[in-house]
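Peer 1: Please see the structure below; I have some questions.
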Amino acid sequence: MLTKAPVFPVFLVREGESGRHRIEFLPEIEMVSTGDRDADIRTNTQRCSDAVEAMIRRYPEQWIWFHKRWKTRPPGEPRLYT
């Protein structure tokens with residue numbers, strides 16, 4: 001948002017069991033800039049997350065998450081990690 005650089009989602013997709021991969025470039029994610037910084041951050045983060053989610057749904061067998069993304073939980077919810 002600060003640099004106004006274009007954001008293009010790029011993913012590496014494995015081709016079968018061959019060990020070969022291809023690069024998939026998705027269309028630019030348009031970043032919003034309404035002047036409401038907090039709302040823009042939420043909207044732009046959601047747009048980027050939507051692109052990642054779309055690829056995970058296309059290739060769920062190729063997805064693995066390595067870090068603890070969810071650092072907080074709603075009040076009363078159990079911890080996700082030990």
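Every chain in the structure tokens has a letter given in the order shown (A, B, ...), and although residue numbers restart at 1 in each chain, ligands are simply numbered from 1 in the order shown.
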List every residue of region 2-81 of chain A that DSSP, applied to the backbone of this structure, assigns to helix (DSSP H, G or I), and report them as number ranges by chain.
Peer 2: A: 37-58, 60-62
Peer 1: List as a list in words the protein and nucleic acid residues near His21 (chain A), meaning an atom at most 10 Å away when only C-alpha atoms are counted, but skip any in the same chain fewer than 6 places from it.
Peer 2: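 Close residues of His21 (chain A): Phe11, Leu12, Val13, Arg14 and Glu15 of chain A.
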Peer 1: With a distance cut-off of 9 Å and only C-alpha atoms, select the neighbouring residues of region 32-49 of chain A, excluding the residue or stretch itself and same-chain residues fewer than 6 positions from it, and output the selection as a list of chain:residue names.
Peer 2: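 Non-adjacent residues within range: A:Met1, A:Val7, A:Pro9.
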Peer 1: Report, in Å to a single decimal, how far apart CA of Trp63 (chain A) and CA of Phe25 (chain A) are.
Peer 2: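 Going from CA of Phe25 (chain A) over to CA of Trp63 (chain A) covers 17.2 Å.
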Peer 1: Tell me, in Å to one decimal, how far CA of Pro27 (chain A) is from CA of Val10 (chain A).
Peer 2: 9.2 Å
Peer 1: Set the distance at 12 Å and use only C-alpha atoms: which residues neighbour Gly16 (chain A) once local chain neighbours fewer than 5 positions away are removed? I'd like the list as a PyMOL selection string.
Peer 2: chain A and resi 21-22+59+61-62
Peer 1: Pick the closest to Ala51 (chain A) from A:Leu2, A:Leu26, A:Pro75, A:Ile64: which is it, counting only C-alpha atoms?
Peer 2: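 Closest residue, counting only C-alpha atoms: A:Leu26.
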Peer 1: Report the distance between CA of Ile56 (chain A) and CA of Glu24 (chain A) in Å, rounded to one decimal place.
Peer 2: 12.8 Å
Peer 1: Calculated over only C-alpha atoms, which of the candidates A:Phe8, A:Tyr81, A:Glu53, A:Thr72 has the smallest distance to Glu28 (chain A)?
Peer 2: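 Among A:Phe8, A:Tyr81, A:Glu53, A:Thr72, it is A:Phe8 that comes nearest to Glu28 (chain A).
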